[in-house]
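Participant: Data: coords30.pdb, PDB, N, CA and C atoms.
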```
MODEL        1
ATOM      1  N   PRO A  28       3.631  -6.899  20.030
ATOM      2  CA  PRO A  28       2.898  -5.670  19.749
ATOM      3  C   PRO A  28       1.604  -5.943  18.988
ATOM      4  N   THR A  29       0.651  -5.083  19.186
ATOM      5  CA  THR A  29      -0.635  -5.202  18.500
ATOM      6  C   THR A  29      -0.976  -3.887  17.808
ATOM      7  N   PHE A  30      -2.078  -3.898  17.084
ATOM      8  CA  PHE A  30      -2.532  -2.677  16.416
ATOM      9  C   PHE A  30      -2.832  -1.562  17.414
ATOM     10  N   ARG A  31      -3.117  -1.911  18.649
ATOM     11  CA  ARG A  31      -3.426  -0.899  19.656
ATOM     12  C   ARG A  31      -2.163  -0.196  20.158
ATOM     13  N   ASN A  32      -1.022  -0.760  19.896
ATOM     14  CA  ASN A  32       0.247  -0.185  20.320
ATOM     15  C   ASN A  32       0.640   0.932  19.341
ATOM     16  N   PRO A  33       0.786   2.174  19.844
ATOM     17  CA  PRO A  33       1.116   3.289  18.946
ATOM     18  C   PRO A  33       2.407   3.076  18.149
ATOM     19  N   ALA A  34       3.414   2.472  18.751
ATOM     20  CA  ALA A  34       4.669   2.225  18.030
ATOM     21  C   ALA A  34       4.442   1.239  16.887
ATOM     22  N   CYS A  35       3.641   0.223  17.132
ATOM     23  CA  CYS A  35       3.317  -0.765  16.097
ATOM     24  C   CYS A  35       2.525  -0.100  14.968
ATOM     25  N   GLN A  36       1.566   0.732  15.333
ATOM     26  CA  GLN A  36       0.773   1.447  14.331
ATOM     27  C   GLN A  36       1.670   2.306  13.449
ATOM     28  N   GLU A  37       2.577   3.032  14.086
ATOM     29  CA  GLU A  37       3.481   3.905  13.338
ATOM     30  C   GLU A  37       4.361   3.103  12.380
ATOM     31  N   GLN A  38       4.876   1.975  12.845
ATOM     32  CA  GLN A  38       5.720   1.136  11.991
ATOM     33  C   GLN A  38       4.934   0.589  10.805
ATOM     34  N   LEU A  39       3.717   0.146  11.049
ATOM     35  CA  LEU A  39       2.886  -0.379   9.966
ATOM     36  C   LEU A  39       2.549   0.706   8.948
ATOM     37  N   ILE A  40       2.235   1.888   9.433
ATOM     38  CA  ILE A  40       1.902   2.991   8.534
ATOM     39  C   ILE A  40       3.113   3.368   7.689
ATOM     40  N   GLU A  41       4.271   3.460   8.309
ATOM     41  CA  GLU A  41       5.492   3.796   7.557
ATOM     42  C   GLU A  41       5.824   2.706   6.540
ATOM     43  N   ALA A  42       5.651   1.452   6.931
ATOM     44  CA  ALA A  42       5.909   0.348   6.000
ATOM     45  C   ALA A  42       4.941   0.401   4.822
ATOM     46  N   ALA A  43       3.681   0.705   5.097
ATOM     47  CA  ALA A  43       2.687   0.810   4.024
ATOM     48  C   ALA A  43       3.045   1.939   3.061
ATOM     49  N   LYS A  44       3.523   3.060   3.598
ATOM     50  CA  LYS A  44       3.938   4.176   2.744
ATOM     51  C   LYS A  44       5.107   3.775   1.849
ATOM     52  N   LEU A  45       6.056   3.028   2.412
ATOM     53  CA  LEU A  45       7.207   2.575   1.621
ATOM     54  C   LEU A  45       6.776   1.619   0.513
ATOM     55  N   VAL A  46       5.856   0.726   0.834
ATOM     56  CA  VAL A  46       5.351  -0.206  -0.181
ATOM     57  C   VAL A  46       4.652   0.579  -1.292
ATOM     58  N   ALA A  47       3.813   1.535  -0.913
ATOM     59  CA  ALA A  47       3.096   2.337  -1.914
ATOM     60  C   ALA A  47       4.075   3.083  -2.817
ATOM     61  N   LYS A  48       5.104   3.656  -2.217
ATOM     62  CA  LYS A  48       6.100   4.386  -3.006
ATOM     63  C   LYS A  48       6.848   3.439  -3.948
ATOM     64  N   SER A  49       7.164   2.247  -3.475
ATOM     65  CA  SER A  49       7.854   1.265  -4.313
ATOM     66  C   SER A  49       6.983   0.827  -5.483
ATOM     67  N   VAL A  50       5.719   0.569  -5.211
ATOM     68  CA  VAL A  50       4.790   0.164  -6.271
ATOM     69  C   VAL A  50       4.678   1.273  -7.312
ATOM     70  N   GLU A  51       4.576   2.503  -6.848
ATOM     71  CA  GLU A  51       4.500   3.640  -7.770
ATOM     72  C   GLU A  51       5.748   3.707  -8.653
ATOM     73  N   GLY A  52       6.901   3.483  -8.057
ATOM     74  CA  GLY A  52       8.146   3.495  -8.821
ATOM     75  C   GLY A  52       8.206   2.393  -9.857
ATOM     76  N   ILE A  53       7.722   1.220  -9.490
ATOM     77  CA  ILE A  53       7.700   0.095 -10.427
ATOM     78  C   ILE A  53       6.795   0.411 -11.615
ATOM     79  N   VAL A  54       5.628   0.960 -11.335
ATOM     80  CA  VAL A  54       4.691   1.301 -12.411
ATOM     81  C   VAL A  54       5.306   2.356 -13.331
ATOM     82  N   GLU A  55       5.886   3.392 -12.742
ATOM     83  CA  GLU A  55       6.497   4.447 -13.559
ATOM     84  C   GLU A  55       7.631   3.897 -14.419
ATOM     85  N   SER A  56       8.472   3.058 -13.830
ATOM     86  CA  SER A  56       9.592   2.475 -14.579
ATOM     87  C   SER A  56       9.100   1.602 -15.723
ATOM     88  N   SER A  57       8.078   0.801 -15.443
ATOM     89  CA  SER A  57       7.578  -0.100 -16.485
ATOM     90  C   SER A  57       6.942   0.686 -17.626
ATOM     91  N   GLN A  58       6.253   1.761 -17.301
ATOM     92  CA  GLN A  58       5.643   2.583 -18.344
ATOM     93  C   GLN A  58       6.705   3.216 -19.239
ATOM     94  N   ALA A  59       7.860   3.500 -18.659
ATOM     95  CA  ALA A  59       8.926   4.143 -19.425
ATOM     96  C   ALA A  59       9.646   3.178 -20.359
ATOM     97  N   VAL A  60       9.690   1.890 -19.998
ATOM     98  CA  VAL A  60      10.510   0.961 -20.787
ATOM     99  C   VAL A  60       9.740  -0.161 -21.477
ATOM    100  N   CYS A  61       8.559  -0.465 -21.002
ATOM    101  CA  CYS A  61       7.817  -1.603 -21.556
ATOM    102  C   CYS A  61       6.996  -1.166 -22.768
ATOM    103  N   ARG A  62       7.097  -1.932 -23.818
ATOM    104  CA  ARG A  62       6.369  -1.617 -25.059
ATOM    105  C   ARG A  62       5.059  -2.412 -25.176
ATOM    106  N   ASP A  63       4.862  -3.349 -24.264
ATOM    107  CA  ASP A  63       3.664  -4.196 -24.302
ATOM    108  C   ASP A  63       2.568  -3.548 -23.447
ATOM    109  N   ASP A  64       1.605  -2.938 -24.114
ATOM    110  CA  ASP A  64       0.536  -2.239 -23.401
ATOM    111  C   ASP A  64      -0.256  -3.159 -22.484
ATOM    112  N   ASN A  65      -0.433  -4.417 -22.883
ATOM    113  CA  ASN A  65      -1.172  -5.362 -22.047
ATOM    114  C   ASN A  65      -0.448  -5.618 -20.734
ATOM    115  N   LEU A  66       0.866  -5.761 -20.799
ATOM    116  CA  LEU A  66       1.638  -5.975 -19.575
ATOM    117  C   LEU A  66       1.576  -4.756 -18.660
ATOM    118  N   VAL A  67       1.688  -3.586 -19.242
ATOM    119  CA  VAL A  67       1.613  -2.357 -18.448
ATOM    120  C   VAL A  67       0.231  -2.231 -17.811
ATOM    121  N   GLN A  68      -0.791  -2.593 -18.564
ATOM    122  CA  GLN A  68      -2.156  -2.551 -18.048
ATOM    123  C   GLN A  68      -2.338  -3.551 -16.901
ATOM    124  N   ASP A  69      -1.804  -4.751 -17.066
ATOM    125  CA  ASP A  69      -1.878  -5.760 -16.003
ATOM    126  C   ASP A  69      -1.144  -5.290 -14.749
ATOM    127  N   LEU A  70       0.015  -4.688 -14.949
ATOM    128  CA  LEU A  70       0.771  -4.174 -13.811
ATOM    129  C   LEU A  70      -0.002  -3.057 -13.117
ATOM    130  N   GLY A  71      -0.642  -2.206 -13.896
ATOM    131  CA  GLY A  71      -1.467  -1.145 -13.320
ATOM    132  C   GLY A  71      -2.605  -1.702 -12.484
ATOM    133  N   ALA A  72      -3.229  -2.763 -12.969
ATOM    134  CA  ALA A  72      -4.315  -3.400 -12.215
ATOM    135  C   ALA A  72      -3.784  -4.002 -10.918
ATOM    136  N   ALA A  73      -2.617  -4.624 -10.992
ATOM    137  CA  ALA A  73      -2.011  -5.197  -9.787
ATOM    138  C   ALA A  73      -1.644  -4.089  -8.799
ATOM    139  N   ALA A  74      -1.127  -2.991  -9.311
ATOM    140  CA  ALA A  74      -0.772  -1.863  -8.447
ATOM    141  C   ALA A  74      -2.013  -1.292  -7.772
ATOM    142  N   THR A  75      -3.111  -1.244  -8.499
ATOM    143  CA  THR A  75      -4.368  -0.772  -7.922
ATOM    144  C   THR A  75      -4.825  -1.698  -6.799
ATOM    145  N   ALA A  76      -4.678  -2.998  -6.993
ATOM    146  CA  ALA A  76      -5.055  -3.964  -5.957
ATOM    147  C   ALA A  76      -4.180  -3.794  -4.714
ATOM    148  N   VAL A  77      -2.894  -3.556  -4.915
ATOM    149  CA  VAL A  77      -1.988  -3.334  -3.782
ATOM    150  C   VAL A  77      -2.394  -2.063  -3.043
ATOM    151  N   THR A  78      -2.699  -1.016  -3.784
ATOM    152  CA  THR A  78      -3.112   0.246  -3.170
ATOM    153  C   THR A  78      -4.381   0.062  -2.352
ATOM    154  N   LYS A  79      -5.335  -0.686  -2.883
ATOM    155  CA  LYS A  79      -6.572  -0.951  -2.141
ATOM    156  C   LYS A  79      -6.279  -1.721  -0.859
ATOM    157  N   ALA A  80      -5.416  -2.723  -0.952
ATOM    158  CA  ALA A  80      -5.062  -3.503   0.234
ATOM    159  C   ALA A  80      -4.372  -2.626   1.278
ATOM    160  N   LEU A  81      -3.501  -1.734   0.838
ATOM    161  CA  LEU A  81      -2.830  -0.826   1.771
ATOM    162  C   LEU A  81      -3.831   0.127   2.418
ATOM    163  N   ASN A  82      -4.770   0.638   1.633
ATOM    164  CA  ASN A  82      -5.806   1.510   2.190
ATOM    165  C   ASN A  82      -6.660   0.769   3.208
ATOM    166  N   ASP A  83      -7.002  -0.477   2.912
ATOM    167  CA  ASP A  83      -7.772  -1.291   3.853
ATOM    168  C   ASP A  83      -6.989  -1.511   5.147
ATOM    169  N   LEU A  84      -5.691  -1.755   5.016
ATOM    170  CA  LEU A  84      -4.842  -1.932   6.195
ATOM    171  C   LEU A  84      -4.815  -0.658   7.027
ATOM    172  N   MET A  85      -4.676   0.484   6.375
ATOM    173  CA  MET A  85      -4.653   1.762   7.097
ATOM    174  C   MET A  85      -5.967   1.992   7.849
ATOM    175  N   LEU A  86      -7.078   1.682   7.210
ATOM    176  CA  LEU A  86      -8.373   1.822   7.884
ATOM    177  C   LEU A  86      -8.458   0.909   9.096
ATOM    178  N   HIS A  87      -7.967  -0.300   8.946
ATOM    179  CA  HIS A  87      -7.976  -1.256  10.051
ATOM    180  C   HIS A  87      -7.122  -0.738  11.213
ATOM    181  N   ILE A  88      -5.979  -0.183  10.898
ATOM    182  CA  ILE A  88      -5.097   0.366  11.935
ATOM    183  C   ILE A  88      -5.783   1.530  12.642
ATOM    184  N   LYS A  89      -6.414   2.420  11.871
ATOM    185  CA  LYS A  89      -7.096   3.568  12.468
ATOM    186  C   LYS A  89      -8.239   3.128  13.371
ATOM    187  N   LYS A  90      -8.990   2.115  12.940
ATOM    188  CA  LYS A  90     -10.086   1.606  13.770
ATOM    189  C   LYS A  90      -9.547   0.987  15.052
ATOM    190  N   ALA A  91      -8.446   0.279  14.956
ATOM    191  CA  ALA A  91      -7.850  -0.352  16.137
ATOM    192  C   ALA A  91      -7.317   0.691  17.108
ATOM    193  N   ALA A  92      -6.947   1.856  16.599
ATOM    194  CA  ALA A  92      -6.394   2.913  17.443
ATOM    195  C   ALA A  92      -7.480   3.639  18.232
ATOM    196  N   GLN A  93      -8.727   3.520  17.784
ATOM    197  CA  GLN A  93      -9.811   4.209  18.472
ATOM    198  C   GLN A  93     -10.121   3.506  19.786
ATOM    199  N   PRO A  94     -10.405   4.295  20.819
ATOM    200  CA  PRO A  94     -10.752   3.678  22.106
ATOM    201  C   PRO A  94     -12.054   2.886  22.002
ATOM    202  N   THR A  95     -12.101   1.786  22.693
ATOM    203  CA  THR A  95     -13.319   0.970  22.712
ATOM    204  C   THR A  95     -14.141   1.340  23.933
ATOM    205  N   ASN A  96     -15.442   1.253  23.787
ATOM    206  CA  ASN A  96     -16.342   1.584  24.906
ATOM    207  C   ASN A  96     -16.929   0.349  25.490
TER     208      ASN A  96
ENDMDL
END
```
Please re-express this file's structure in structure tokens.

Facilitator:
Amino acid sequence: PTFRNPACQEQLIEAAKLVAKSVEGIVESSQAVCRDDNLVQDLGAAATAVTKALNDLMLHIKKAAQPTN
């Protein structure tokens, strides 16, 4: 399968949503229990990087789904 395959696109999008939800849960959990502000800040920065990568992947999938001329 490739990005042009609708089933592949759907699977990638759903997987990206699951990753985003998991990252959000990790950040929320760490904020609730971690007392080290630096660690929480580092985790937040890492979560932001993951979110950016997921957004970039989604854009790539959307571009691949567009018909080529």

Participant: For range 43-56 of chain A, list every protein, DNA or RNA residue within 8 Å, evaluated using all atoms listed in the file, and leave out those in the same chain fewer than 3 positions away; present the list as a ChimeraX atom specification.

Facilitator: /A:37-40,59-61,67,70-71,74,77-78,81-82,85

Participant: How far is it from CA of Phe30 in chain A to CA of Gln93 in chain A, in Å with one decimal?

Facilitator: 10.2 Å

Participant: CA of Lys79 in chain A and CA of Asn65 in chain A, how far apart in Å?

Facilitator: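 Interatomic distance, CA of Asn65 in chain A to CA of Lys79 in chain A: 21.1 Å.
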
Participant: As AutoDock Vina command-line options, what would the box around range 61-76 of chain A look like: edges along x, y and z, 3 Å added on every side, centre and edge lengths in Å to one decimal?

Facilitator:
```
--center_x 1.8 --center_y -3.2 --center_z -14.9 --size_x 19.6 --size_y 11.5 --size_z 26.5
```

Participant: I need the alpha helix (DSSP H) residues of chain A per DSSP on the backbone, written as number ranges by chain.

Facilitator: A: 33-60, 64-92

Participant: Starting from the displayed file, determine the output of the PyMOL selection byres ((chain A and resi 31) around 8) and express the residue list as a PDB file with N, CA and C atoms, keeping the file's coordinate frame.

Facilitator:
```pdb
ATOM      1  N   PRO A  28       3.631  -6.899  20.030  1.00  0.00           N
ATOM      2  CA  PRO A  28       2.898  -5.670  19.749  1.00  0.00           C
ATOM      3  C   PRO A  28       1.604  -5.943  18.988  1.00  0.00           C
ATOM      4  N   THR A  29       0.651  -5.083  19.186  1.00  0.00           N
ATOM      5  CA  THR A  29      -0.635  -5.202  18.500  1.00  0.00           C
ATOM      6  C   THR A  29      -0.976  -3.887  17.808  1.00  0.00           C
ATOM      7  N   PHE A  30      -2.078  -3.898  17.084  1.00  0.00           N
ATOM      8  CA  PHE A  30      -2.532  -2.677  16.416  1.00  0.00           C
ATOM      9  C   PHE A  30      -2.832  -1.562  17.414  1.00  0.00           C
ATOM     10  N   ASN A  32      -1.022  -0.760  19.896  1.00  0.00           N
ATOM     11  CA  ASN A  32       0.247  -0.185  20.320  1.00  0.00           C
ATOM     12  C   ASN A  32       0.640   0.932  19.341  1.00  0.00           C
ATOM     13  N   PRO A  33       0.786   2.174  19.844  1.00  0.00           N
ATOM     14  CA  PRO A  33       1.116   3.289  18.946  1.00  0.00           C
ATOM     15  C   PRO A  33       2.407   3.076  18.149  1.00  0.00           C
ATOM     16  N   ALA A  34       3.414   2.472  18.751  1.00  0.00           N
ATOM     17  CA  ALA A  34       4.669   2.225  18.030  1.00  0.00           C
ATOM     18  C   ALA A  34       4.442   1.239  16.887  1.00  0.00           C
ATOM     19  N   CYS A  35       3.641   0.223  17.132  1.00  0.00           N
ATOM     20  CA  CYS A  35       3.317  -0.765  16.097  1.00  0.00           C
ATOM     21  C   CYS A  35       2.525  -0.100  14.968  1.00  0.00           C
ATOM     22  N   GLN A  36       1.566   0.732  15.333  1.00  0.00           N
ATOM     23  CA  GLN A  36       0.773   1.447  14.331  1.00  0.00           C
ATOM     24  C   GLN A  36       1.670   2.306  13.449  1.00  0.00           C
ATOM     25  N   ILE A  88      -5.979  -0.183  10.898  1.00  0.00           N
ATOM     26  CA  ILE A  88      -5.097   0.366  11.935  1.00  0.00           C
ATOM     27  C   ILE A  88      -5.783   1.530  12.642  1.00  0.00           C
ATOM     28  N   LYS A  90      -8.990   2.115  12.940  1.00  0.00           N
ATOM     29  CA  LYS A  90     -10.086   1.606  13.770  1.00  0.00           C
ATOM     30  C   LYS A  90      -9.547   0.987  15.052  1.00  0.00           C
ATOM     31  N   ALA A  91      -8.446   0.279  14.956  1.00  0.00           N
ATOM     32  CA  ALA A  91      -7.850  -0.352  16.137  1.00  0.00           C
ATOM     33  C   ALA A  91      -7.317   0.691  17.108  1.00  0.00           C
ATOM     34  N   ALA A  92      -6.947   1.856  16.599  1.00  0.00           N
ATOM     35  CA  ALA A  92      -6.394   2.913  17.443  1.00  0.00           C
ATOM     36  C   ALA A  92      -7.480   3.639  18.232  1.00  0.00           C
ATOM     37  N   GLN A  93      -8.727   3.520  17.784  1.00  0.00           N
ATOM     38  CA  GLN A  93      -9.811   4.209  18.472  1.00  0.00           C
ATOM     39  C   GLN A  93     -10.121   3.506  19.786  1.00  0.00           C
TER      40      GLN A  93
END
```

Participant: At what distance in Å, to one decimal, does atom N of Leu84 in chain A lie from CA of Glu41 in chain A?

Facilitator: 12.7 Å
